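K.L.:
Submitted below is the structure of interest, expressed as structure tokens.
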Amino acid sequence: MSYRSNAAEAWYPDSQSTAADSDIPLDLLPPPSLTRPLWKSLVGNLRDTFAPEKLPPLHLTSRPVNVGLLLGDRLRLPWFRTVFTNIGDVISPETLPPLELESRPIDVGELITDQLSHFWWGSLLRNLADRVSPEAMPALNLTSKPILDIIPKSWILLPLWSEVVDTPKVFYPDKPKPADAMRPANLQPVPLPEEKLEALVAEPTAADLLRDLRRSRIRQRVWIGLATAQVLYMVLAAVGKL
């Protein structure tokens, strides 16, 4: 039973007739070897091992290349064979035939490795020569057509509204503080009673601290006086020489 309408049948051909006319085989089933019993698979493997099927010689259309020892055979070699092979390659390396290039070589100039191996003054002289007398290069051959208008004329470029609108700055008033806001702390010194003051002065550490402060003030005045006297002497000596 078909679920398509008559209009759809008029537009699209019948799927059964199309599948019958197609020559492409479509097989989505798994291979038969997947459901083969175990004893049949074992017998087939034994037959391939002792009496393999004789196939015709392989017809190669490409030129064979001698790649030397295969990777599997190389991995199966013992470790001392590889050591002796490496020593032999260092002492008497194998002479290989010249490389046959099938592509057309292109002159790329000096290689990057050769440029890096030069000394710094060579590159300095080369840069000076390029600045004084640059090499005349041929005109660039452009294969693409230049674009006259990168930005089409039908486009409209509009600036940002923040760059166009100029309004005065508006400063909003501060929010009113709540009534129960914290009051500023009173940081004024609290007068102490005379008994505590006498106890603080009577301490030996406080007396030593006051004595050190007095001595440091005296040394400060002495050093400032010496520096002032030296500056005055230098000024008077310079004025006397003039």
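Chain labels A, B, ... are given in the sequence in which chains occur in the structure tokens; within each chain residues are numbered consecutively from 1, and ligands are likewise numbered from 1 in the order shown.
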When DSSP is applied to the backbone of this structure, which of region 48-196 of chain A are assigned alpha helix (DSSP H)? Write them out as a count of residues only.

P.N.:
46

K.L.:
Can you measure CA of Leu213 (chain A) to CA of Val231 (chain A) for me? One decimal in Å is fine.

P.N.:
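Computing the Euclidean distance for CA of Leu213 (chain A) and CA of Val231 (chain A) yields 27.1 Å.
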
K.L.:
Quick check, in Å to one decimal: how far apart do CA of Val65 (chain A) and CA of Thr85 (chain A) lie?

P.N.:
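Computed distance, CA of Val65 (chain A) to CA of Thr85 (chain A), equals 21.8 Å.
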
K.L.:
Enter the distance from CA of Ala227 (chain A) to CA of Arg211 (chain A), in Å, rounded to one decimal.

P.N.:
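Between CA of Ala227 (chain A) and CA of Arg211 (chain A) the gap works out to 24.6 Å.
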